[in-house]
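Chemist: Quick one, my_file.txt (compact mmCIF, C-alpha atoms and all ligand atoms):
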# COMPACT_ATOMS: atom_id res chain seq x y z
CA MET A 177 2.84 -43.89 19.13
CA THR A 178 4.40 -40.55 18.35
CA THR A 179 8.12 -40.39 19.02
CA THR A 180 8.73 -36.80 17.87
CA SER A 181 6.06 -34.28 18.63
CA ALA A 182 5.97 -30.59 17.88
CA ARG A 183 6.13 -30.04 21.65
CA SER A 184 9.43 -31.87 22.04
CA ARG A 185 11.12 -30.02 19.16
CA PRO A 186 13.50 -27.26 20.31
CA THR A 187 12.34 -23.75 19.44
CA LEU A 188 15.11 -21.93 17.63
CA PRO A 189 15.19 -18.18 17.18
CA ALA A 190 13.97 -16.88 13.83
CA GLY A 191 16.70 -16.92 11.25
CA SER A 192 18.74 -19.68 12.88
CA GLN A 193 16.68 -22.56 11.56
CA PRO A 194 18.18 -24.14 8.48
CA ARG A 195 16.11 -24.24 5.30
CA ALA A 196 15.76 -27.45 3.35
CA ALA A 197 18.66 -27.62 0.90
CA ILE A 198 17.94 -28.77 -2.65
CA ALA A 199 20.81 -29.90 -4.83
CA GLU A 200 18.79 -29.56 -8.03
CA LYS A 201 17.79 -26.18 -9.36
CA THR A 202 14.22 -27.28 -8.90
CA LEU A 203 12.29 -30.45 -8.25
CA ARG A 204 9.22 -28.99 -9.94
CA SER A 205 8.03 -29.89 -13.40
CA ASP A 206 5.16 -27.39 -13.59
CA ARG A 207 5.42 -23.74 -14.69
CA TRP A 208 5.76 -22.52 -11.08
CA TRP A 209 7.59 -19.36 -12.18
CA VAL A 210 4.67 -17.85 -14.14
CA SER A 211 2.85 -16.40 -11.15
CA PRO A 212 5.97 -14.82 -9.50
CA LEU A 213 7.04 -13.46 -12.88
CA ILE A 214 3.69 -11.72 -13.42
CA MET A 215 3.80 -10.38 -9.88
CA ALA A 216 7.36 -9.09 -10.37
CA ALA A 217 6.27 -7.26 -13.54
CA ILE A 218 3.32 -5.64 -11.73
CA LEU A 219 5.39 -4.58 -8.72
CA LEU A 220 8.26 -3.23 -10.82
CA PHE A 221 5.84 -1.29 -13.01
CA PHE A 222 4.34 0.36 -9.95
CA VAL A 223 7.76 1.16 -8.47
CA VAL A 224 8.95 2.75 -11.73
CA TYR A 225 5.68 4.65 -12.24
CA ALA A 226 5.62 5.97 -8.66
CA THR A 227 9.29 6.99 -8.79
CA VAL A 228 8.81 8.92 -12.03
CA ARG A 229 5.68 10.64 -10.76
CA ILE A 230 7.13 11.56 -7.41
CA PHE A 231 10.10 13.31 -8.99
CA MET A 232 7.98 15.11 -11.61
CA ASN A 233 6.75 17.65 -9.05
CA LYS A 234 4.02 18.79 -11.44
CA TRP A 235 0.67 17.81 -12.97
CA TYR A 236 -0.82 16.71 -9.66
CA PHE A 237 -3.72 19.16 -9.37
CA VAL A 238 -6.65 20.18 -11.60
CA GLU A 239 -7.72 23.64 -10.52
CA ASP A 240 -11.12 23.73 -12.30
CA PHE A 241 -12.44 20.72 -10.39
CA THR A 242 -10.03 20.68 -7.40
CA TYR A 243 -8.84 17.18 -8.24
CA LEU A 244 -5.70 16.33 -6.28
CA THR A 245 -3.83 13.11 -6.92
CA PRO A 246 -3.40 10.87 -3.82
CA ILE A 247 0.33 10.63 -4.54
CA TYR A 248 0.77 14.35 -3.72
CA SER A 249 -1.73 14.59 -0.88
CA PRO A 250 -1.40 16.40 1.45
CA CYS A 251 0.51 19.14 -0.36
CA ILE A 252 1.66 21.37 2.48
CA PHE A 253 4.59 23.37 1.15
CA ASP A 254 4.83 26.95 -0.06
CA MET A 255 5.65 25.84 -3.57
CA CYS A 256 2.52 23.68 -3.98
CA VAL A 257 0.24 24.72 -6.83
CA PRO A 258 -2.30 27.31 -5.52
CA GLY A 259 -5.51 25.61 -4.40
CA SER A 260 -3.92 22.18 -3.95
CA SER A 261 -3.18 22.65 -0.24
CA HIS A 262 -6.45 21.63 1.38
CA PHE A 263 -4.85 21.92 4.82
CA GLY A 264 -2.90 25.12 4.26
CA THR A 265 0.85 25.40 3.86
CA ILE A 266 3.85 25.66 6.11
CA PRO A 267 6.20 28.58 5.37
CA TRP A 268 8.95 26.37 4.00
CA SER A 269 9.66 24.47 0.82
CA PRO A 270 11.92 21.45 0.56
CA PRO A 271 15.19 21.65 -1.40
CA VAL A 272 14.89 20.65 -5.06
CA PHE A 273 16.21 17.14 -4.52
CA ILE A 274 13.39 16.34 -2.06
CA PRO A 275 10.08 15.81 -3.90
CA LEU A 276 6.88 17.50 -2.72
CA SER A 277 5.31 14.12 -2.08
CA ALA A 278 8.22 12.80 0.04
CA ILE A 279 6.21 12.63 3.28
CA THR A 280 3.22 10.96 1.63
CA PHE A 281 5.47 8.53 -0.18
CA ALA A 282 7.30 7.58 3.03
CA GLY A 283 3.98 6.69 4.70
CA VAL A 284 2.30 4.98 1.77
CA GLY A 285 5.46 3.27 0.49
CA GLY A 286 6.34 2.02 3.98
CA PHE A 287 2.80 0.72 4.49
CA ARG A 288 2.83 -1.25 1.24
CA VAL A 289 6.39 -2.55 1.47
CA THR A 290 5.85 -3.89 5.00
CA CYS A 291 2.35 -5.25 4.25
CA TYR A 292 1.99 -8.99 4.88
CA TYR A 293 0.41 -9.53 1.48
CA TYR A 294 3.12 -7.66 -0.43
CA ARG A 295 5.80 -9.39 1.60
CA LYS A 296 4.56 -12.72 0.35
CA ALA A 297 4.46 -11.30 -3.17
CA TYR A 298 7.93 -9.78 -3.31
CA TYR A 299 9.65 -12.48 -1.24
CA ARG A 300 8.58 -14.90 -3.96
CA SER A 301 8.95 -12.74 -7.04
CA LEU A 302 11.80 -10.30 -6.28
CA TRP A 303 13.68 -11.33 -3.14
CA PHE A 304 13.66 -15.05 -4.04
CA SER A 305 13.40 -16.18 -0.45
CA PRO A 306 11.61 -18.48 -0.86
CA GLN A 307 10.74 -18.53 -4.56
CA ALA A 308 8.47 -21.56 -4.37
CA CYS A 309 8.23 -24.98 -2.76
CA ALA A 310 10.91 -27.40 -3.99
CA VAL A 311 12.90 -24.65 -5.75
CA ARG A 312 16.50 -23.98 -4.72
CA GLU A 313 17.06 -20.53 -3.18
CA PRO A 314 19.83 -18.29 -4.49
CA HIS A 315 20.51 -16.95 -0.98
CA LYS A 316 23.28 -18.75 0.89
CA LYS A 317 21.92 -17.78 4.28
CA TYR A 318 18.43 -17.25 5.61
CA THR A 319 18.03 -14.56 8.25
CA GLY A 320 14.30 -14.02 7.99
CA GLU A 321 13.26 -10.60 9.22
CA THR A 322 16.01 -10.30 11.81
CA ARG A 323 18.48 -8.21 9.79
CA PHE A 324 18.46 -5.03 7.72
CA PRO A 325 16.59 -4.37 5.48
CA LEU A 326 13.83 -6.93 6.16
CA ILE A 327 13.85 -6.20 9.88
CA ALA A 328 11.92 -3.00 9.00
CA ASN A 329 8.95 -5.23 8.21
CA ASN A 330 8.43 -5.60 11.97
CA TYR A 331 7.33 -1.95 12.10
CA HIS A 332 4.28 -2.48 9.93
CA ARG A 333 1.85 -1.42 12.66
CA TYR A 334 3.39 2.08 12.77
CA PHE A 335 3.03 2.45 9.02
CA PHE A 336 -0.59 1.40 9.50
CA TYR A 337 -1.15 4.43 11.78
CA ALA A 338 0.40 6.70 9.13
CA ALA A 339 -1.72 5.10 6.40
CA ALA A 340 -4.88 5.55 8.49
CA VAL A 341 -4.17 9.30 8.78
CA LEU A 342 -3.47 9.52 5.03
CA LEU A 343 -6.74 7.70 4.33
CA VAL A 344 -8.68 10.36 6.26
CA ILE A 345 -6.84 13.04 4.26
CA ASN A 346 -7.70 11.28 0.98
CA LEU A 347 -11.32 11.10 2.08
CA TYR A 348 -11.31 14.83 2.82
CA ASP A 349 -9.74 15.52 -0.61
CA ALA A 350 -12.44 13.43 -2.24
CA PHE A 351 -15.14 15.87 -1.10
CA PHE A 352 -13.30 18.65 -2.95
CA ALA A 353 -13.67 16.56 -6.11
CA PHE A 354 -17.34 17.58 -6.30
CA HIS A 355 -16.39 21.02 -7.49
CA GLY A 356 -18.11 22.26 -10.63
CA LYS A 357 -16.59 24.46 -13.30
CA ASP A 358 -18.88 27.35 -12.36
CA GLY A 359 -17.90 27.11 -8.74
CA GLY A 360 -20.89 25.11 -7.39
CA PHE A 361 -21.48 21.42 -7.09
CA GLY A 362 -20.31 19.26 -9.96
CA ILE A 363 -19.52 15.67 -10.87
CA GLY A 364 -17.13 14.43 -13.48
CA LEU A 365 -15.46 11.17 -14.36
CA GLY A 366 -12.58 12.38 -12.19
CA SER A 367 -14.87 12.61 -9.13
CA ILE A 368 -15.97 9.01 -9.67
CA ILE A 369 -12.42 7.74 -10.17
CA ILE A 370 -11.27 9.54 -7.02
CA TRP A 371 -14.11 8.07 -4.93
CA ILE A 372 -13.54 4.54 -6.21
CA ASN A 373 -9.90 4.94 -5.25
CA VAL A 374 -10.79 6.13 -1.74
CA ALA A 375 -13.13 3.14 -1.34
CA MET A 376 -10.37 0.72 -2.38
CA LEU A 377 -7.84 2.45 -0.10
CA ALA A 378 -10.31 2.22 2.77
CA GLY A 379 -10.81 -1.49 2.09
CA TYR A 380 -7.06 -2.04 1.95
CA THR A 381 -6.32 -0.08 5.14
CA VAL A 382 -9.19 -1.42 7.23
CA SER A 383 -8.53 -5.03 6.18
CA CYS A 384 -4.89 -4.75 7.32
CA HIS A 385 -3.72 -7.36 9.83
CA ALA A 386 -2.46 -4.56 12.09
CA CYS A 387 -5.92 -2.94 12.03
CA ARG A 388 -7.43 -6.27 13.06
CA HIS A 389 -5.06 -6.37 16.00
CA VAL A 390 -5.78 -2.76 16.93
CA VAL A 391 -9.54 -3.35 17.12
CA GLY A 392 -9.56 -6.82 18.65
CA GLY A 393 -6.10 -7.63 19.96
CA ARG A 394 -4.89 -7.93 23.57
CA LEU A 395 -8.35 -8.83 24.87
CA LYS A 396 -8.91 -11.74 27.21
CA HIS A 397 -12.69 -11.80 26.93
CA PHE A 398 -14.57 -10.65 23.87
CA SER A 399 -17.79 -10.93 25.89
CA LYS A 400 -16.69 -7.94 27.98
CA HIS A 401 -16.01 -5.82 24.89
CA PRO A 402 -19.01 -6.29 22.57
CA LEU A 403 -18.26 -3.24 20.42
CA ARG A 404 -14.66 -4.24 19.80
CA TYR A 405 -15.81 -7.79 19.13
CA ARG A 406 -18.26 -6.50 16.53
CA LEU A 407 -15.56 -4.38 14.88
CA TRP A 408 -13.11 -7.27 15.00
CA THR A 409 -15.68 -9.49 13.26
CA ILE A 410 -16.12 -6.93 10.46
CA VAL A 411 -12.38 -6.36 10.05
CA SER A 412 -11.76 -10.12 10.10
CA LYS A 413 -14.21 -10.59 7.23
CA LEU A 414 -12.51 -7.84 5.24
CA ASN A 415 -9.13 -9.28 6.17
CA GLY A 416 -9.98 -12.37 4.14
CA LYS A 417 -10.05 -10.12 1.07
CA HIS A 418 -6.90 -8.21 1.95
CA GLY A 419 -4.93 -9.46 -1.06
CA THR A 420 -7.72 -8.37 -3.40
CA PHE A 421 -7.84 -4.90 -1.81
CA ALA A 422 -4.04 -4.67 -1.98
CA MET A 423 -3.96 -5.20 -5.74
CA ALA A 424 -7.18 -3.32 -6.50
CA SER A 425 -6.03 -0.24 -4.60
CA LEU A 426 -2.67 -0.36 -6.38
CA VAL A 427 -4.49 -0.20 -9.71
CA THR A 428 -6.89 2.54 -8.58
CA VAL A 429 -4.08 4.72 -7.20
CA ILE A 430 -2.25 4.55 -10.52
CA THR A 431 -5.44 5.11 -12.51
CA THR A 432 -6.43 8.12 -10.37
CA ASP A 433 -2.98 9.64 -10.55
CA PHE A 434 -2.67 9.08 -14.30
CA TYR A 435 -6.11 10.56 -14.98
CA ILE A 436 -5.35 13.68 -12.94
CA MET A 437 -1.92 14.01 -14.53
CA ALA A 438 -3.50 13.80 -18.00
CA LEU A 439 -6.11 16.47 -17.16
CA SER A 440 -3.54 18.72 -15.52
CA ALA A 441 -1.18 18.40 -18.49
CA GLY A 442 -4.03 19.14 -20.90
CA TRP A 443 -3.84 15.79 -22.73
CA PHE A 444 -7.64 15.53 -22.61
CA SER A 445 -10.59 17.08 -20.75
CA ASP A 446 -12.63 15.71 -17.89
CA LEU A 447 -15.84 13.97 -18.89
CA ARG A 448 -18.44 16.06 -17.04
CA ILE A 449 -21.70 14.58 -15.84
CA LEU A 450 -22.90 17.63 -13.94
CA ASN A 451 -21.47 21.16 -14.16
S1 LIG A 501 -1.50 -3.46 4.87
FE1 LIG A 501 -1.28 -5.53 4.38
S2 LIG A 501 -1.08 -6.46 6.31
FE2 LIG A 501 -1.28 -4.40 6.82
Can you give me the file's structure in the form of structure tokens?
Ligand code: FES
Modeler:
Amino acid sequence: MTTTSARSRPTLPAGSQPRAAIAEKTLRSDRWWVSPLIMAAILLFFVVYATVRIFMNKWYFVEDFTYLTPIYSPCIFDMCVPGSSHFGTIPWSPPVFIPLSAITFAGVGGFRVTCYYYRKAYYRSLWFSPQACAVREPHKKYTGETRFPLIANNYHRYFFYAAAVLLVINLYDAFFAFHGKDGGFGIGLGSIIIWINVAMLAGYTVSCHACRHVVGGRLKHFSKHPLRYRLWTIVSKLNGKHGTFAMASLVTVITTDFYIMALSAGWFSDLRILN
């Protein structure tokens, strides 16, 4: 006979439930810290790389082949390099302390930081709450996502909308990457890198939990919404690979940006396949 069931347990608000206290530093004997340590190194590398690139304000566009790095897209200010503004410019430029890519970074950075997959990653590897099962937490108090700054994670769905718009912009940019040196159609290694990146970004954005809710949430009967059910089935399948898309797209964004920076700075030339 069950004396204590889940149903009879009181439901406490998030953040008020005590976490299991461990007197020892850890009860684990395995090398549990290896995985969070690797993840911390990857995340910190990306943060440092993105910060440096954002404040560079240069080497983001290759005029010959109209390659534009996703980190600076869309470039909509007067001071953008000529040709890099695929959507035109507004007659204003930000003050020097605001980088050209500030708007893009706010959308993309917010989307990644509030992502369920990255939350798991940085809660374990950087925030240390929790680090791992049976490992003592350095935090004295657990407030979950009820206080600043983690409360911002509850706004993930809005960052998803911003990311979806940026994805369409990246897709549009990718068509410009088929620009040959003589002005016609052309393909280079840069075009391929840009398209692989767009594919990974699409996989990451579409497999988002918020996207899954947008296409299939708040429905009482799937049978009355066959199209949404079909979409929900596809997104659900992709959702199972969300972590893979999250890391793969991180790598492809850095690779694309670095390649375009190198071409723009003249460190090497694009490998041309056609024109
Ligand atoms: S982007 Fe990861 S859950 Fe939405």
Chemist: Could you list, as a PyMOL selection string, all protein and nucleic acid residues with an atom at most 12 Å from ligand LIG 501 (chain A), counting all atoms listed in the file?
Modeler: chain A and resi 283-297+329-340+377-390+411-412+414-423+425-426
Chemist: Pick from A:Val238, A:Asn373, A:Arg404, A:Trp209: nearest to A:Ala441, with only C-alpha atoms counted?
Modeler: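 The shortest atom-to-atom distance to A:Ala441 comes from A:Val238.
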Chemist: Which residue out of A:Arg195, A:Arg406, A:Ile430, A:Glu313 has the minimum interatomic distance to A:Val224 when all atoms listed in the file are used?
Modeler: A:Ile430
Chemist: What does the distance between atom CA of A:Val391 and atom CA of A:Ala424 come to in Å, to one decimal place?
Modeler: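 Computing it gives 23.7 Å between the two atoms.
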Chemist: Tell me, as number ranges by chain, which residues lie within 9 Å of A:Arg312, counting all atoms listed in the file; anything in the same chain fewer than 3 positions away does not count.
Modeler: A: 196-203, 306-309, 315
Chemist: What is the atom CA of A:Phe281 to atom CA of A:Tyr236 distance in Å?
Modeler: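 Spanning atom CA of A:Phe281 to atom CA of A:Tyr236 is a straight-line distance of 14.0 Å.
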Chemist: Find the spatial neighbours of A:Leu439, counting all atoms listed in the file, within a cut-off of 9 Å - ignore same-chain residues fewer than 6 positions away - and output them as an NGL selection string.
Modeler: :A and (235 or 237-238 or 445-446)
Chemist: Name the residues in contact with A:Leu403 at a cut-off of 10 Å, using all atoms listed in the file, excluding same-chain residues fewer than 5 positions from it; report them as a list in words.
Modeler: Val391, Gly392, Phe398, Trp408 and Thr409 of chain A
Chemist: Taking only C-alpha atoms into account, which of A:Ile436, A:Ile449, A:Val429, A:Ala310 comes nearest A:Asn346?
Modeler: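 The shortest atom-to-atom distance to A:Asn346 comes from A:Val429.
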Chemist: Please identify all polymer residues within 6 Å of A:Asp254, counting all atoms listed in the file, omitting same-chain residues fewer than 3 positions from it, and present them as JSON, numbers by chain.
Modeler: {"A": [265, 267, 268, 269]}
Chemist: Nearest to A:Leu244: which of A:Arg323, A:Arg207, A:Lys317, A:His262 is it, counting all atoms listed in the file?
Modeler: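 The closest residue to A:Leu244 is A:His262.
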Chemist: Could you tell me how far atom CA of A:Thr227 sits from atom CA of A:Phe354, in Å to one decimal place?
Modeler: 28.8 Å
Chemist: Using all atoms listed in the file, determine which residues lie at most 9 Å from A:Phe352, disregarding the query and same-chain residues fewer than 3 positions distant; provide the list as a PyMOL selection string.
Modeler: chain A and resi 241-244+262+348-349+355+367
Chemist: Measuring between only C-alpha atoms, which one of A:Gly366, A:Pro246, A:Gly264, A:Pro275 shows the shortest distance to A:Tyr435?
Modeler: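 Closest to A:Tyr435, using only C-alpha atoms: A:Gly366.
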Chemist: Edge lengths and centre in Å to one decimal, as lines of an AutoDock Vina configuration file, of the axis-aligned box that encloses all listed atoms of stretch 418-427 of chain A with 6 Å added on every side?
Modeler:
center_x = -5.3
center_y = -4.8
center_z = -3.9
size_x = 17.2
size_y = 21.3
size_z = 23.7
Chemist: A:Ser277, A:Thr245, A:Ser205, A:Asn451: which is nearest A:Asp433, counting only C-alpha atoms?
Modeler: A:Thr245
